[in-house]
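A.B. asks: Dropping in upload.csv, which is CSV, C-alpha atoms:
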```csv
chain,number,residue,atom,x,y,z
A,1429,MET,CA,0.0,0.0,0.0
A,1430,ILE,CA,2.9,2.4,0.9
A,1431,THR,CA,4.5,1.5,-2.4
A,1432,ASN,CA,1.3,2.3,-4.3
A,1433,LEU,CA,0.9,5.7,-2.5
A,1434,ALA,CA,4.6,6.6,-3.3
A,1435,THR,CA,4.1,5.6,-7.0
A,1436,SER,CA,0.8,7.7,-7.2
A,1437,LYS,CA,2.6,10.6,-5.6
A,1438,ALA,CA,5.5,10.4,-8.0
A,1439,THR,CA,3.1,10.1,-11.0
A,1440,THR,CA,1.3,13.3,-9.8
A,1441,GLU,CA,4.4,15.3,-9.1
A,1442,LYS,CA,6.0,14.5,-12.5
A,1443,PRO,CA,3.5,16.4,-14.6
A,1444,ARG,CA,3.6,19.2,-12.1
A,1445,LYS,CA,7.4,19.5,-12.3
A,1446,GLU,CA,7.2,19.4,-16.1
A,1447,PHE,CA,4.6,22.2,-16.1
A,1448,PHE,CA,6.6,24.5,-13.9
A,1449,SER,CA,9.7,23.7,-15.9
A,1450,GLN,CA,8.0,24.8,-19.1
A,1451,VAL,CA,6.7,28.0,-17.4
A,1452,LYS,CA,10.2,28.8,-16.2
A,1453,LYS,CA,11.6,28.2,-19.7
A,1454,GLN,CA,8.9,30.5,-21.2
A,1455,LYS,CA,8.7,33.0,-18.5
A,1456,GLU,CA,8.9,35.9,-20.9
A,1457,LEU,CA,5.7,34.7,-22.8
A,1458,VAL,CA,4.0,34.1,-19.4
A,1459,LEU,CA,4.7,37.7,-18.3
A,1460,ILE,CA,3.5,39.1,-21.6
A,1461,SER,CA,0.2,37.2,-21.4
A,1462,LEU,CA,-0.3,38.0,-17.7
A,1463,PRO,CA,-2.1,41.3,-18.3
A,1464,PHE,CA,-4.6,39.6,-20.6
A,1465,PHE,CA,-5.4,36.9,-18.0
A,1466,VAL,CA,-5.9,39.7,-15.4
A,1467,TYR,CA,-8.1,41.6,-17.9
A,1468,PHE,CA,-10.3,38.6,-18.6
A,1469,PHE,CA,-10.5,37.7,-14.9
A,1470,ILE,CA,-11.7,41.2,-13.9
A,1471,PHE,CA,-14.1,41.8,-16.8
A,1472,ASN,CA,-15.3,38.3,-17.6
A,1473,TYR,CA,-15.2,36.2,-14.5
A,1474,MET,CA,-15.6,38.6,-11.5
A,1475,PRO,CA,-19.0,40.0,-12.9
A,1476,LEU,CA,-20.5,36.4,-12.8
A,1477,TRP,CA,-21.6,37.1,-9.2
A,1478,GLY,CA,-24.2,39.4,-10.8
A,1479,LEU,CA,-26.1,36.4,-12.1
A,1480,THR,CA,-27.6,36.1,-8.6
A,1481,MET,CA,-29.7,39.1,-9.5
A,1482,ALA,CA,-31.9,36.8,-11.6
A,1483,PHE,CA,-33.1,35.2,-8.4
A,1484,GLN,CA,-33.7,38.4,-6.4
A,1485,ASN,CA,-36.0,41.4,-6.3
A,1486,TYR,CA,-32.8,43.3,-6.9
A,1487,LYS,CA,-32.6,46.9,-5.6
A,1488,PRO,CA,-29.3,48.8,-6.3
A,1489,GLN,CA,-29.5,50.7,-3.0
A,1490,LEU,CA,-29.4,47.5,-0.9
A,1491,SER,CA,-26.3,45.3,-0.2
A,1492,PHE,CA,-26.1,41.7,-1.4
A,1493,PHE,CA,-27.2,40.3,2.0
A,1494,GLU,CA,-30.2,42.7,2.1
A,1495,GLN,CA,-31.7,41.6,-1.2
A,1496,GLU,CA,-35.0,39.7,-1.3
A,1497,TRP,CA,-34.7,36.2,-2.9
A,1498,VAL,CA,-37.6,35.2,-5.1
A,1499,GLY,CA,-36.4,32.0,-6.7
A,1500,PHE,CA,-37.5,31.6,-10.4
A,1501,LYS,CA,-40.1,34.3,-10.3
A,1502,HIS,CA,-38.4,36.4,-13.1
A,1503,PHE,CA,-38.0,33.3,-15.3
A,1504,GLN,CA,-41.7,32.7,-14.9
A,1505,ASN,CA,-42.4,36.3,-15.8
A,1506,LEU,CA,-40.2,35.9,-18.9
A,1507,PHE,CA,-41.8,32.6,-20.1
A,1508,THR,CA,-45.4,33.7,-19.4
A,1509,ASP,CA,-45.1,37.1,-21.1
A,1510,PRO,CA,-47.5,37.1,-24.1
A,1511,ASP,CA,-44.9,38.6,-26.4
A,1512,PHE,CA,-42.0,36.3,-25.4
A,1513,TYR,CA,-42.7,33.6,-28.0
A,1514,ARG,CA,-43.2,36.2,-30.8
A,1515,VAL,CA,-39.8,37.8,-30.1
A,1516,MET,CA,-38.2,34.3,-29.9
A,1517,ARG,CA,-39.7,33.5,-33.4
A,1518,ASN,CA,-38.2,36.8,-34.7
A,1519,THR,CA,-34.8,36.1,-33.1
A,1520,LEU,CA,-34.5,32.5,-34.4
A,1521,ALA,CA,-35.7,33.4,-37.9
A,1522,MET,CA,-33.3,36.3,-38.3
A,1523,SER,CA,-30.4,34.2,-36.7
A,1524,ILE,CA,-31.0,31.3,-39.1
A,1525,ILE,CA,-31.2,33.6,-42.1
A,1526,ASN,CA,-28.0,35.4,-41.0
A,1527,LEU,CA,-26.2,32.1,-40.4
A,1528,VAL,CA,-27.1,30.5,-43.7
A,1529,LEU,CA,-26.6,33.6,-45.9
A,1530,GLY,CA,-23.4,34.5,-44.0
A,1531,PHE,CA,-21.8,31.1,-44.4
A,1532,VAL,CA,-22.8,30.6,-48.1
A,1533,THR,CA,-21.7,34.1,-49.2
A,1534,ALA,CA,-18.4,34.1,-47.3
A,1535,ILE,CA,-17.4,30.7,-48.5
A,1536,GLY,CA,-18.5,31.5,-52.1
A,1537,PHE,CA,-16.6,34.8,-52.1
A,1538,ALA,CA,-13.5,33.1,-50.7
A,1539,LEU,CA,-13.7,30.4,-53.4
A,1540,LEU,CA,-14.0,33.0,-56.2
A,1541,LEU,CA,-11.2,35.2,-54.9
A,1542,ASN,CA,-9.0,32.1,-54.7
A,1543,GLU,CA,-9.5,31.4,-58.4
A,1544,LEU,CA,-8.1,34.7,-59.4
A,1545,THR,CA,-4.6,34.0,-60.8
A,1546,GLN,CA,-1.4,35.9,-60.2
A,1547,GLU,CA,-2.0,38.2,-63.2
A,1548,PHE,CA,-5.1,39.6,-61.4
A,1549,TYR,CA,-3.3,40.1,-58.1
A,1550,GLY,CA,-3.9,43.9,-58.1
A,1551,PHE,CA,-7.6,43.5,-58.9
A,1552,LYS,CA,-7.9,40.8,-56.2
A,1553,ARG,CA,-6.4,43.2,-53.6
A,1554,VAL,CA,-8.8,46.0,-54.6
A,1555,VAL,CA,-11.8,43.7,-54.3
A,1556,GLN,CA,-10.7,42.4,-50.9
A,1557,THR,CA,-10.1,45.9,-49.6
A,1558,ILE,CA,-13.5,47.1,-50.8
A,1559,SER,CA,-15.3,44.0,-49.3
A,1560,TYR,CA,-13.6,44.5,-45.9
A,1561,MET,CA,-14.5,48.1,-45.5
A,1562,PRO,CA,-18.2,47.8,-44.5
A,1563,HIS,CA,-17.1,45.7,-41.5
A,1564,PHE,CA,-15.5,48.8,-39.9
A,1565,LEU,CA,-18.6,51.0,-40.4
A,1566,SER,CA,-20.9,51.7,-37.5
A,1567,TRP,CA,-24.4,50.2,-37.6
A,1568,ILE,CA,-25.8,53.7,-37.5
A,1569,ILE,CA,-24.1,54.5,-40.8
A,1570,VAL,CA,-25.0,51.1,-42.4
A,1571,CYS,CA,-28.7,51.5,-41.4
A,1572,GLY,CA,-28.7,55.1,-42.7
A,1573,LEU,CA,-27.4,53.8,-46.1
A,1574,VAL,CA,-29.9,50.9,-46.2
A,1575,SER,CA,-32.8,53.3,-45.4
A,1576,ASN,CA,-31.7,55.7,-48.2
A,1577,ILE,CA,-31.3,52.8,-50.7
A,1578,LEU,CA,-34.7,51.3,-49.9
A,1579,ALA,CA,-36.5,54.6,-49.4
A,1580,MET,CA,-39.9,54.9,-51.2
A,1581,ASP,CA,-39.1,58.5,-52.3
A,1582,ASP,CA,-35.8,58.8,-54.3
A,1583,GLY,CA,-34.5,55.4,-53.1
A,1584,ILE,CA,-32.1,54.0,-55.6
A,1585,LEU,CA,-33.6,50.5,-55.6
A,1586,ASN,CA,-37.1,51.7,-56.4
A,1587,GLU,CA,-35.7,54.0,-59.1
A,1588,ILE,CA,-33.8,51.1,-60.8
A,1589,LEU,CA,-36.8,48.8,-60.6
A,1590,MET,CA,-39.1,51.5,-62.1
A,1591,ALA,CA,-36.6,52.2,-64.9
A,1592,LEU,CA,-36.3,48.6,-65.8
A,1593,GLY,CA,-40.1,48.2,-65.8
A,1594,LEU,CA,-40.1,45.5,-63.2
A,1595,ILE,CA,-42.6,47.4,-61.0
A,1596,LYS,CA,-45.4,49.8,-61.8
A,1597,GLU,CA,-45.4,51.7,-58.5
A,1598,LYS,CA,-42.8,52.2,-55.8
A,1599,ILE,CA,-42.5,49.7,-53.0
A,1600,HIS,CA,-42.3,50.8,-49.3
A,1601,PHE,CA,-39.7,48.2,-48.4
A,1602,MET,CA,-39.2,49.4,-44.9
A,1603,GLY,CA,-42.9,49.2,-44.2
A,1604,LYS,CA,-43.6,45.7,-45.3
A,1605,PRO,CA,-43.1,43.0,-42.6
A,1606,GLU,CA,-42.5,40.2,-45.2
A,1607,TYR,CA,-39.4,42.0,-46.3
A,1608,PHE,CA,-37.8,42.9,-43.0
A,1609,TRP,CA,-36.0,39.7,-42.1
A,1610,TRP,CA,-34.5,39.5,-45.5
A,1611,ILE,CA,-33.4,43.1,-45.4
A,1612,VAL,CA,-31.6,42.4,-42.1
A,1613,GLY,CA,-30.1,39.2,-43.6
A,1614,PHE,CA,-28.7,40.8,-46.7
A,1615,THR,CA,-27.5,43.9,-44.8
A,1616,ASN,CA,-25.5,41.6,-42.5
A,1617,VAL,CA,-24.1,39.9,-45.6
A,1618,TRP,CA,-23.0,43.2,-47.1
A,1619,LYS,CA,-21.4,44.3,-43.9
A,1620,SER,CA,-19.6,41.1,-42.9
A,1621,MET,CA,-19.1,38.9,-46.0
A,1622,GLY,CA,-15.6,40.2,-46.9
A,1623,TRP,CA,-14.4,40.1,-43.3
A,1624,ASN,CA,-15.8,36.6,-42.7
A,1625,SER,CA,-14.1,35.3,-45.9
A,1626,ILE,CA,-10.6,36.0,-44.5
A,1627,ILE,CA,-10.5,32.8,-42.4
A,1628,TYR,CA,-11.6,30.7,-45.4
A,1629,LEU,CA,-8.9,32.2,-47.6
A,1630,ALA,CA,-6.4,31.4,-44.9
A,1631,ALA,CA,-7.6,27.8,-44.8
A,1632,ILE,CA,-7.4,27.5,-48.6
A,1633,THR,CA,-3.7,28.5,-48.6
A,1634,SER,CA,-2.9,25.3,-46.6
A,1635,ILE,CA,-4.2,23.0,-49.3
A,1636,ASP,CA,-1.4,21.3,-51.2
A,1637,PRO,CA,-1.1,22.8,-54.7
A,1638,ALA,CA,-0.2,19.4,-56.1
A,1639,LEU,CA,-3.8,18.3,-55.6
A,1640,TYR,CA,-5.0,21.1,-58.0
A,1641,GLU,CA,-2.4,20.0,-60.5
A,1642,ALA,CA,-3.5,16.4,-60.3
A,1643,ALA,CA,-7.2,17.4,-60.6
A,1644,ALA,CA,-6.3,19.5,-63.7
A,1645,ILE,CA,-4.5,16.6,-65.3
A,1646,ASP,CA,-7.6,14.4,-64.7
A,1647,GLY,CA,-9.7,16.9,-66.6
A,1648,TYR,CA,-11.4,18.9,-63.8
A,1649,GLY,CA,-12.2,22.5,-64.6
A,1650,ARG,CA,-12.3,25.4,-62.1
A,1651,PHE,CA,-15.6,24.5,-60.6
A,1652,GLY,CA,-14.7,20.8,-60.5
A,1653,ARG,CA,-11.5,21.7,-58.5
A,1654,MET,CA,-13.5,23.9,-56.2
A,1655,TRP,CA,-16.0,21.1,-55.5
A,1656,HIS,CA,-13.6,18.2,-55.2
A,1657,ILE,CA,-10.4,19.9,-53.8
A,1658,THR,CA,-11.1,23.3,-52.2
A,1659,LEU,CA,-14.3,22.6,-50.3
A,1660,PRO,CA,-13.2,19.2,-48.9
A,1661,GLY,CA,-9.9,20.9,-48.0
A,1662,ILE,CA,-11.6,23.5,-45.8
A,1663,LYS,CA,-14.4,21.3,-44.5
A,1664,SER,CA,-13.0,21.1,-41.0
A,1665,THR,CA,-12.8,24.9,-40.8
A,1666,ILE,CA,-16.4,25.2,-42.0
A,1667,VAL,CA,-17.6,22.7,-39.4
A,1668,VAL,CA,-15.7,24.3,-36.5
A,1669,LEU,CA,-17.0,27.8,-37.4
A,1670,LEU,CA,-20.5,26.5,-37.9
A,1671,ILE,CA,-20.4,25.0,-34.4
A,1672,MET,CA,-19.1,28.2,-32.9
A,1673,ASN,CA,-21.8,30.3,-34.7
A,1674,ALA,CA,-24.5,27.9,-33.6
A,1675,GLY,CA,-23.9,29.0,-30.1
A,1676,TRP,CA,-24.9,32.6,-31.0
A,1677,ILE,CA,-28.3,31.5,-32.4
A,1678,LEU,CA,-30.2,33.7,-30.0
A,1679,ASN,CA,-28.0,36.7,-30.8
A,1680,ALA,CA,-29.8,37.9,-34.0
A,1681,GLY,CA,-28.6,41.5,-33.3
A,1682,PHE,CA,-29.9,44.6,-31.6
A,1683,GLU,CA,-28.7,47.7,-33.4
A,1684,ILE,CA,-30.0,47.0,-36.9
A,1685,GLN,CA,-33.4,45.8,-35.7
A,1686,TYR,CA,-33.8,48.7,-33.3
A,1687,ILE,CA,-32.8,51.3,-35.9
A,1688,LEU,CA,-34.7,49.9,-38.9
A,1689,GLY,CA,-37.6,48.5,-37.0
A,1690,THR,CA,-38.7,51.5,-34.9
A,1691,ASN,CA,-41.7,52.2,-37.2
A,1692,GLY,CA,-44.9,50.5,-36.1
A,1693,LEU,CA,-45.4,48.9,-39.5
A,1694,VAL,CA,-42.8,46.2,-38.9
A,1695,LEU,CA,-42.6,46.2,-35.1
A,1696,ASP,CA,-44.3,42.7,-35.0
A,1697,VAL,CA,-41.4,41.1,-36.9
A,1698,SER,CA,-38.5,43.3,-35.9
A,1699,GLU,CA,-38.4,42.9,-32.1
A,1700,THR,CA,-35.7,40.5,-30.9
A,1701,ILE,CA,-35.2,39.2,-27.4
A,1702,ASP,CA,-32.6,41.9,-26.7
A,1703,ILE,CA,-35.1,44.7,-27.6
A,1704,PHE,CA,-37.8,42.9,-25.7
A,1705,VAL,CA,-35.6,42.8,-22.5
A,1706,LEU,CA,-34.8,46.5,-23.0
A,1707,LYS,CA,-38.4,47.5,-23.2
A,1708,ARG,CA,-39.9,45.1,-20.7
A,1709,GLY,CA,-37.1,44.8,-18.2
A,1710,PHE,CA,-35.9,48.3,-17.7
A,1711,GLY,CA,-39.4,49.7,-17.6
A,1712,ARG,CA,-40.1,47.8,-14.4
A,1713,THR,CA,-39.0,48.2,-10.8
A,1714,SER,CA,-37.4,44.7,-11.1
A,1715,GLY,CA,-35.7,45.6,-14.4
A,1716,PHE,CA,-32.2,44.6,-13.5
A,1717,ALA,CA,-33.3,41.2,-12.3
A,1718,PHE,CA,-35.6,40.6,-15.3
A,1719,GLY,CA,-32.8,41.5,-17.7
A,1720,THR,CA,-30.4,39.2,-15.9
A,1721,ALA,CA,-32.9,36.3,-16.1
A,1722,ALA,CA,-33.3,36.8,-19.8
A,1723,GLY,CA,-29.5,36.9,-20.2
A,1724,MET,CA,-29.1,33.7,-18.3
A,1725,PHE,CA,-31.8,32.1,-20.5
A,1726,LYS,CA,-29.9,33.1,-23.6
A,1727,THR,CA,-26.6,31.9,-22.2
A,1728,VAL,CA,-27.9,28.5,-21.1
A,1729,VAL,CA,-29.7,27.9,-24.5
A,1730,SER,CA,-26.5,28.9,-26.4
A,1731,ALA,CA,-24.3,26.6,-24.3
A,1732,VAL,CA,-26.7,23.7,-24.8
A,1733,ILE,CA,-26.8,24.2,-28.6
A,1734,LEU,CA,-23.0,24.6,-28.7
A,1735,VAL,CA,-22.5,21.3,-26.8
A,1736,LEU,CA,-25.1,19.5,-28.9
A,1737,CYS,CA,-23.6,20.7,-32.2
A,1738,ASN,CA,-20.1,19.7,-31.0
A,1739,LYS,CA,-21.4,16.2,-30.1
A,1740,ILE,CA,-23.2,15.7,-33.4
A,1741,ALA,CA,-20.1,16.7,-35.3
A,1742,GLY,CA,-18.1,14.1,-33.4
A,1743,TRP,CA,-20.8,11.4,-34.0
A,1744,VAL,CA,-20.7,12.0,-37.8
A,1745,GLY,CA,-16.9,12.0,-37.8
A,1746,GLU,CA,-16.3,15.7,-38.4
A,1747,GLU,CA,-14.0,18.1,-36.6
A,1748,ARG,CA,-15.0,19.2,-33.1
A,1749,LEU,CA,-14.0,22.1,-30.9
A,1750,VAL,CA,-12.7,19.7,-28.2
```
Let me see the structure of the file written as structure tokens.

C.D. replies:
Amino acid sequence: MITNLATSKATTEKPRKEFFSQVKKQKELVLISLPFFVYFFIFNYMPLWGLTMAFQNYKPQLSFFEQEWVGFKHFQNLFTDPDFYRVMRNTLAMSIINLVLGFVTAIGFALLLNELTQEFYGFKRVVQTISYMPHFLSWIIVCGLVSNILAMDDGILNEILMALGLIKEKIHFMGKPEYFWWIVGFTNVWKSMGWNSIIYLAAITSIDPALYEAAAIDGYGRFGRMWHITLPGIKSTIVVLLIMNAGWILNAGFEIQYILGTNGLVLDVSETIDIFVLKRGFGRTSGFAFGTAAGMFKTVVSAVILVLCNKIAGWVGEERLV
């Protein structure tokens, strides 16, 4: 028994000694990264105590020990609110549209850019720069541009459609609920497509050029090489990014819906769970607690979806996060 204990202790101490040995060898890197660990601890982990507000009738003027604990009351208020399921529908619909359009367009754009040969190097750089620029624009500016483009009076889209004879009278795009989700989806595509394509372009560069040469010898054209070489070569990157983005399924956005959906004509389809919490939560005496309960709900659902997608990817033999 004593021998077993000594062996177990030696087995435990060996990895520990190796760990501290590696830290000592790379002490410069550890010191450089230390401020980032401190930052994340202060701003990402210390505020977690605030989740207790979801189970209290939180009042800012009272200390933690003076708060009234109410259990799951705020979660019940959230799930029994008559508008909750409507905003969940809007959130999920816009998230799925953003997810599908975002992935398809970013991957397609990366594939097309990759097919530009060295003689079009300058053109490729110009296209990349132009496509990246919208990512750095504020949503206020983007929504202003979208409103002007889709405006009923002097909106460029209506003018083009009228000039081409495709419509007989101007369309009030911003006032039709059936268009709103798609407007949000394509606006997100325009703003983020170029930026999102960067990681796919980086993944494509790791594919062995000999595979393309072999495919060309076998008679495959550009699209054949894209389908049989490029897409399988970046499949693991696509799966990992899809898993990570699935965890944000309840984050359809706030700014664009709040700015473009303020008119009453599309309010029924524009209100997301974040806007719902803002209006319902902070208009009540228990606003902080209600908002925290909604935030916890989103976090739990996102974590469950992330774990499920990760497990499913493993079951079907694809790349996983862990």

A.B. asks: Find the residues around segment 1665-1671 of chain A up to 9 Å (only C-alpha atoms counted), leave out those fewer than 4 positions away in its own chain, and share them as a list in words.

C.D. replies: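 Selected residues are Leu1527, Phe1531, Ile1535, Ile1627, Tyr1628, Ala1631, Leu1659, Gly1661, Gly1675, Ile1733, Leu1734, Val1735, Cys1737, Asn1738, Ala1741, Glu1746, Glu1747, Arg1748 and Leu1749 of chain A.
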
A.B. asks: Restricting the calculation to all atoms listed in the file, which member of A:Ile1584, A:Val1498, A:Ile1632, A:Ala1638 is positioned closest to Asn1485 of chain A?

C.D. replies: A:Val1498

A.B. asks: What's around Gly1478 of chain A at 9 Å? Count all atoms listed in the file, leave out sequence neighbours fewer than 4 positions away in its own chain, and write the answer as a ChimeraX atom specification.

C.D. replies: /A:1474,1482,1720

A.B. asks: Give me, as number ranges by chain, all polymer residues having an atom no more than 7 Å from Met1580 of chain A, counting all atoms listed in the file and skipping those fewer than 6 positions away in the same chain.

C.D. replies: A: 1586, 1598-1600

A.B. asks: Please identify all polymer residues within 12 Å of segment 1616-1623 of chain A, counting all atoms listed in the file, omitting same-chain residues fewer than 2 positions from it, and present them as a count of residues only.

C.D. replies: 56

A.B. asks: Taking only C-alpha atoms into account, which of A:His1656, A:Lys1453, A:Phe1651, A:Phe1465 comes nearest Leu1639 of chain A?

C.D. replies: A:His1656

A.B. asks: Between atom CA of Gln1546 of chain A and atom CA of Arg1650 of chain A, what is the spacing in Å?

C.D. replies: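 So the answer is 15.3 Å.
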
A.B. asks: Taking into account only C-alpha atoms, which residue in the set A:Ser1575, A:Phe1492, A:Asn1542, A:Leu1678 is nearest to Val1728 of chain A?

C.D. replies: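 Going through A:Ser1575, A:Phe1492, A:Asn1542, A:Leu1678 one by one, the smallest distance to Val1728 of chain A is for A:Leu1678.
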
A.B. asks: Would you write out, as a Markdown table, a table of all residues in segment 1630-1723 of chain A that have an atom no more than 9 Å from an atom of segment 1499-1506 of chain A, listing for each the closest atom pair and the distance in Å to one decimal, considering all atoms listed in the file and ordering rows by chain and rising residue number?

C.D. replies:
```
| residue | atom | partner | partner_atom | distance |
| --- | --- | --- | --- | --- |
| A:Ser1714 | CA | A:His1502 | CA | 8.6 |
| A:Ala1717 | CA | A:His1502 | CA | 7.0 |
| A:Phe1718 | CA | A:His1502 | CA | 5.5 |
| A:Gly1719 | CA | A:His1502 | CA | 8.9 |
| A:Thr1720 | CA | A:His1502 | CA | 8.9 |
| A:Ala1721 | CA | A:Phe1503 | CA | 6.0 |
| A:Ala1722 | CA | A:Leu1506 | CA | 7.0 |
```

A.B. asks: With distances taken over all atoms listed in the file, which of A:Ser1491, A:Leu1476, A:Leu1688, A:Lys1739 is nearest to Gly1572 of chain A?

C.D. replies: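 For Gly1572 of chain A, the nearest of the given residues is A:Leu1688.
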
A.B. asks: Within 9 Å of Ile1657 of chain A, counting all atoms listed in the file, which residues show up once you throw out same-chain ones fewer than 5 positions away? Write them as a PyMOL selection string, please.

C.D. replies: chain A and resi 1635+1639-1640+1643+1652+1662

A.B. asks: So what do you get for atom CA of Phe1710 of chain A versus atom CA of Met1602 of chain A, distance-wise?

C.D. replies: 27.4 Å

A.B. asks: For Val1697 of chain A, which of A:Val1458, A:Met1654, A:Ala1521, A:Leu1594 is the closest residue, counting only C-alpha atoms?

C.D. replies: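 Selected residue with least distance to Val1697 of chain A: A:Ala1521.
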